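Next comes work_29.cif, a file with mmCIF, C-alpha atoms.
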```cif
data_run
#
loop_
_atom_site.label_atom_id
_atom_site.label_comp_id
_atom_site.auth_asym_id
_atom_site.auth_seq_id
_atom_site.Cartn_x
_atom_site.Cartn_y
_atom_site.Cartn_z
CA MET A 1 0.00 0.00 0.00
CA SER A 2 1.17 3.47 -0.70
CA THR A 3 1.45 6.18 1.96
CA LEU A 4 -1.35 8.07 0.30
CA SER A 5 -3.66 5.11 0.61
CA VAL A 6 -2.87 4.65 4.33
CA ALA A 7 -3.42 8.36 5.01
CA ALA A 8 -6.72 8.24 3.12
CA GLN A 9 -7.85 5.23 5.16
CA GLU A 10 -6.88 6.93 8.42
CA ARG A 11 -8.76 10.07 7.40
CA GLN A 12 -11.78 7.97 6.47
CA GLN A 13 -11.70 6.18 9.86
CA SER A 14 -11.29 9.51 11.64
CA ASN A 15 -14.25 10.95 9.73
CA LEU A 16 -16.34 7.88 10.60
CA ARG A 17 -15.51 8.24 14.33
CA LEU A 18 -16.41 11.94 14.15
CA ALA A 19 -19.72 11.16 12.40
CA ILE A 20 -20.59 8.59 15.08
CA ARG A 21 -19.78 11.07 17.86
CA LEU A 22 -21.86 13.77 16.18
CA GLY A 23 -24.70 11.27 15.77
CA TRP A 24 -24.62 10.59 19.54
CA VAL A 25 -24.60 14.31 20.27
CA ALA A 26 -27.60 14.86 17.98
CA LEU A 27 -29.44 11.93 19.58
CA PHE A 28 -28.69 13.31 23.05
CA PHE A 29 -30.09 16.74 22.15
CA VAL A 30 -33.24 15.28 20.58
CA GLY A 31 -33.86 13.33 23.81
CA PHE A 32 -32.98 16.39 25.87
CA GLY A 33 -35.46 18.48 23.86
CA PHE A 34 -38.26 16.03 24.60
CA ALA A 35 -37.30 15.86 28.28
CA MET A 36 -37.21 19.67 28.68
CA VAL A 37 -40.98 20.14 29.00
CA PRO A 38 -41.49 17.73 31.92
CA MET A 39 -38.23 18.89 33.55
CA TYR A 40 -39.30 22.53 33.17
CA ASP A 41 -42.75 21.80 34.61
CA ALA A 42 -41.21 19.96 37.57
CA PHE A 43 -38.75 22.82 38.14
CA CYS A 44 -41.54 25.43 38.05
CA LYS A 45 -43.70 23.37 40.38
CA LEU A 46 -40.83 22.87 42.81
CA THR A 47 -39.62 26.48 42.84
CA GLY A 48 -42.79 28.39 41.96
CA LEU A 49 -40.82 30.29 39.31
CA ASN A 50 -41.84 31.34 35.77
CA GLY A 51 -45.20 32.70 36.70
CA LYS A 52 -47.17 29.67 35.63
CA THR A 53 -50.76 30.23 36.63
CA ASN A 54 -53.47 27.80 37.61
CA ALA A 55 -54.27 25.39 34.79
CA ALA A 56 -57.92 25.09 35.80
CA PRO A 57 -60.40 27.63 37.12
CA ILE A 58 -60.45 28.05 40.88
CA VAL A 59 -63.56 28.21 43.01
CA LEU A 60 -63.78 31.60 44.66
CA ASP A 61 -64.34 31.71 48.39
CA GLN A 62 -67.68 33.44 49.00
CA ASN A 63 -66.25 35.33 52.00
CA THR A 64 -63.48 37.07 50.07
CA GLN A 65 -62.99 40.53 51.49
CA VAL A 66 -62.09 43.36 49.15
CA ASP A 67 -59.14 45.42 50.39
CA PHE A 68 -60.22 48.98 49.54
CA SER A 69 -57.14 50.41 51.28
CA ARG A 70 -54.91 49.69 48.25
CA GLN A 71 -54.90 49.11 44.53
CA VAL A 72 -52.84 46.83 42.34
CA LYS A 73 -52.12 47.69 38.73
CA VAL A 74 -52.67 44.66 36.47
CA GLU A 75 -51.05 44.91 33.04
CA PHE A 76 -52.06 42.74 30.10
CA LEU A 77 -49.76 41.52 27.32
CA SER A 78 -50.34 39.28 24.32
CA HIS A 79 -47.91 37.40 22.12
CA ILE A 80 -48.43 35.22 19.08
CA MET A 81 -45.95 32.81 17.63
CA PRO A 82 -44.65 33.89 14.21
CA GLY A 83 -46.60 32.61 11.24
CA VAL A 84 -49.77 31.48 13.06
CA GLY A 85 -52.00 34.06 11.36
CA LEU A 86 -53.66 35.62 14.39
CA ALA A 87 -54.18 39.16 15.62
CA PHE A 88 -54.34 38.98 19.43
CA LYS A 89 -54.62 41.82 21.94
CA PRO A 90 -56.22 42.82 25.24
CA GLU A 91 -59.10 45.31 25.18
CA GLN A 92 -57.18 47.37 27.77
CA PHE A 93 -53.48 47.31 28.51
CA ALA A 94 -53.83 47.94 32.25
CA VAL A 95 -56.44 48.23 35.00
CA LYS A 96 -56.25 49.11 38.67
CA VAL A 97 -58.03 46.69 40.98
CA HIS A 98 -58.58 46.33 44.69
CA PRO A 99 -57.28 42.99 46.01
CA GLY A 100 -60.22 40.63 46.54
CA GLU A 101 -62.29 42.31 43.82
CA VAL A 102 -63.57 40.09 40.98
CA THR A 103 -62.38 41.67 37.73
CA HIS A 104 -63.47 40.97 34.15
CA MET A 105 -61.13 41.57 31.21
CA ASN A 106 -61.40 40.65 27.52
CA TYR A 107 -58.90 39.72 24.85
CA THR A 108 -59.77 39.93 21.16
CA VAL A 109 -58.49 37.34 18.72
CA LYS A 110 -58.88 37.42 14.95
CA ASN A 111 -57.86 34.64 12.60
CA THR A 112 -56.22 36.60 9.78
CA SER A 113 -55.29 33.47 7.83
CA GLY A 114 -57.32 31.65 5.23
CA ARG A 115 -57.32 28.39 7.19
CA VAL A 116 -58.86 26.96 10.34
CA PHE A 117 -56.62 27.65 13.32
CA VAL A 118 -56.62 25.46 16.43
CA GLY A 119 -54.52 26.71 19.29
CA GLN A 120 -54.22 27.43 22.96
CA ALA A 121 -53.08 30.39 24.99
CA VAL A 122 -50.49 29.84 27.70
CA PRO A 123 -50.58 32.36 30.56
CA SER A 124 -47.70 33.71 32.57
CA ILE A 125 -47.58 36.05 35.58
CA THR A 126 -44.78 38.40 36.59
CA PRO A 127 -43.32 39.02 39.04
CA ALA A 128 -43.08 35.35 40.05
CA ALA A 129 -43.92 36.25 43.67
CA ALA A 130 -47.41 37.31 42.53
CA THR A 131 -48.22 34.02 40.78
CA GLN A 132 -49.79 32.32 43.77
CA TYR A 133 -51.99 35.36 44.46
CA PHE A 134 -53.35 35.85 40.94
CA GLU A 135 -56.39 33.59 40.74
CA LYS A 136 -58.12 33.05 37.38
CA LEU A 137 -61.81 32.18 37.73
CA GLU A 138 -62.52 32.02 34.01
CA CYS A 139 -59.96 31.92 31.24
CA PHE A 140 -59.80 31.04 27.56
CA CYS A 141 -56.44 29.42 28.32
CA PHE A 142 -58.09 26.41 29.95
CA THR A 143 -59.13 24.86 26.61
CA GLN A 144 -58.02 24.72 22.99
CA GLN A 145 -59.69 27.26 20.74
CA THR A 146 -60.77 26.74 17.11
CA PHE A 147 -61.04 29.78 14.84
CA GLN A 148 -62.52 29.71 11.35
CA PRO A 149 -60.81 31.79 8.63
CA GLY A 150 -61.49 35.49 9.28
CA GLU A 151 -63.29 34.83 12.59
CA THR A 152 -63.00 37.43 15.36
CA ARG A 153 -63.77 36.43 18.93
CA THR A 154 -63.82 38.23 22.26
CA MET A 155 -62.55 35.96 25.02
CA PRO A 156 -63.00 36.76 28.71
CA VAL A 157 -60.63 36.46 31.63
CA VAL A 158 -62.13 36.74 35.11
CA PHE A 159 -59.64 37.01 37.95
CA VAL A 160 -59.04 38.05 41.54
CA VAL A 161 -55.85 39.36 43.08
CA ASN A 162 -55.80 37.68 46.48
CA PRO A 163 -55.69 40.24 49.35
CA LYS A 164 -52.90 38.17 50.95
CA MET A 165 -50.50 39.35 48.25
CA ASP A 166 -47.54 41.32 49.58
CA ARG A 167 -48.29 45.04 49.77
CA ASP A 168 -44.96 45.80 48.07
CA LEU A 169 -46.21 44.22 44.84
CA GLY A 170 -47.91 47.15 43.18
CA THR A 171 -47.94 45.87 39.59
CA VAL A 172 -48.73 42.41 38.22
CA THR A 173 -48.46 41.51 34.55
CA LEU A 174 -50.64 38.83 32.95
CA SER A 175 -49.14 37.73 29.66
CA TYR A 176 -50.55 35.25 27.16
CA ALA A 177 -48.71 33.53 24.33
CA PHE A 178 -50.93 31.88 21.70
CA PHE A 179 -49.52 28.66 20.24
CA GLU A 180 -50.84 26.47 17.48
CA ALA A 181 -52.02 23.11 18.85
CA PRO A 182 -50.09 20.07 17.64
CA LYS A 183 -51.85 18.32 14.79
CA ALA A 184 -53.32 14.88 15.55
CA GLN A 185 -51.36 12.10 13.91
#
```

Show how you would write the structure in this file as structure tokens.
Amino acid sequence: MSTLSVAAQERQQSNLRLAIRLGWVALFFVGFGFAMVPMYDAFCKLTGLNGKTNAAPIVLDQNTQVDFSRQVKVEFLSHIMPGVGLAFKPEQFAVKVHPGEVTHMNYTVKNTSGRVFVGQAVPSITPAAATQYFEKLECFCFTQQTFQPGETRTMPVVFVVNPKMDRDLGTVTLSYAFFEAPKAQ
């Protein structure tokens, strides 16, 4: 065998080892990507971080006292994922509420695409310390939503800021991100 042939074989073996290593790295990251959602949920549940809100409506205590001695500013944000074909916004960008007061707010969604859109809104609260005190009684985020092409819909959010929330928290932000639901296989 010539030296060129041996060098070519060594390079080929080296390339093969590199391809195998890269394949393992890619496989690891695919598995890691699938594991991220349950790991993230467990982390948020354990630490109370990320502002995840209740996933189901709560039942309001009938004896809730409204704290008229203070107000909390609640800001509303909306986000859509690129390319989903929705226009999504709150009717108001902020309201002032008394803790314990039941508050109604609406978001407007319009399907600007020419196709049926099925999706779900995912809520988030900031600051994280306010998450446990922001109680949604009614929310469009609890179920998947189906929008026909061109359809506009007003969707309500009914919430209470619990009077037990720290007095230093003067502003709470409720943010929704609308995602397209995964297609059934």

Selection result of the PyMOL selection byres ((chain A and resi 130) around 10) on this file, as a list in words: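 Applying the PyMOL selection byres ((chain A and resi 130) around 10) to the structure shown produces Gly51, Thr53, Ile125, Thr126, Pro127, Ala128, Ala129, Thr131, Gln132, Tyr133, Phe134, Glu135, Val161, Asn162, Met165, Asp166, Leu169, Gly170, Thr171, Val172 and Thr173 of chain A.
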
Those selected residues, please, written with C-alpha atoms and delivered as a short mmCIF file (atom, residue, chain, number, x, y, z; two decimals), keeping the file's coordinate frame.
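What follows is the written file again_22.cif:
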```
data_model
loop_
_atom_site.label_atom_id
_atom_site.label_comp_id
_atom_site.auth_asym_id
_atom_site.auth_seq_id
_atom_site.Cartn_x
_atom_site.Cartn_y
_atom_site.Cartn_z
CA GLY A 51 -45.20 32.70 36.70
CA THR A 53 -50.76 30.23 36.63
CA ILE A 125 -47.58 36.05 35.58
CA THR A 126 -44.78 38.40 36.59
CA PRO A 127 -43.32 39.02 39.04
CA ALA A 128 -43.08 35.35 40.05
CA ALA A 129 -43.92 36.25 43.67
CA THR A 131 -48.22 34.02 40.78
CA GLN A 132 -49.79 32.32 43.77
CA TYR A 133 -51.99 35.36 44.46
CA PHE A 134 -53.35 35.85 40.94
CA GLU A 135 -56.39 33.59 40.74
CA VAL A 161 -55.85 39.36 43.08
CA ASN A 162 -55.80 37.68 46.48
CA MET A 165 -50.50 39.35 48.25
CA ASP A 166 -47.54 41.32 49.58
CA LEU A 169 -46.21 44.22 44.84
CA GLY A 170 -47.91 47.15 43.18
CA THR A 171 -47.94 45.87 39.59
CA VAL A 172 -48.73 42.41 38.22
CA THR A 173 -48.46 41.51 34.55
#
```

Spatial neighbours of stretch 83-100 of chain A, 7 Å, only C-alpha atoms, chain gap at least 4 places, as a list in words: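 That gives Thr64, Gln65, Val66, Asp67, Phe68, Arg70, Gln71, Val72, Lys73, Val74, Glu75, Phe76, Leu77, Ser78, Asn106, Tyr107, Thr108, Val109, Lys110, Asn111, Thr112, Ser113, Val160, Val161, Asn162, Pro163 and Glu180 of chain A.
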
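Across the model, the gap from atom CA of A:Phe117 to atom CA of A:Leu174 is 23.4 Å.
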
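For the pair atom CA of A:Leu137 and atom CA of A:Glu101, the separation is 11.8 Å.
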
Between atom CA of A:Ser175 and atom CA of A:Val122, distance in Å (one decimal):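 Here the two named atoms are 8.2 Å from each other.
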
Mind giving me the axis-aligned box for stretch 27-32 of chain A with 6 Å on every side, centre plus edges in Å to one decimal, as AutoDock Vina command-line options?
```
--center_x -31.3 --center_y 14.3 --center_z 22.7 --size_x 17.2 --size_y 16.8 --size_z 18.3
```

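With all atoms listed in the file as the atoms that count, the residue of A:Val6, A:Cys141, A:Val118, A:Met105 with the shortest distance to A:Val157 is A:Met105.
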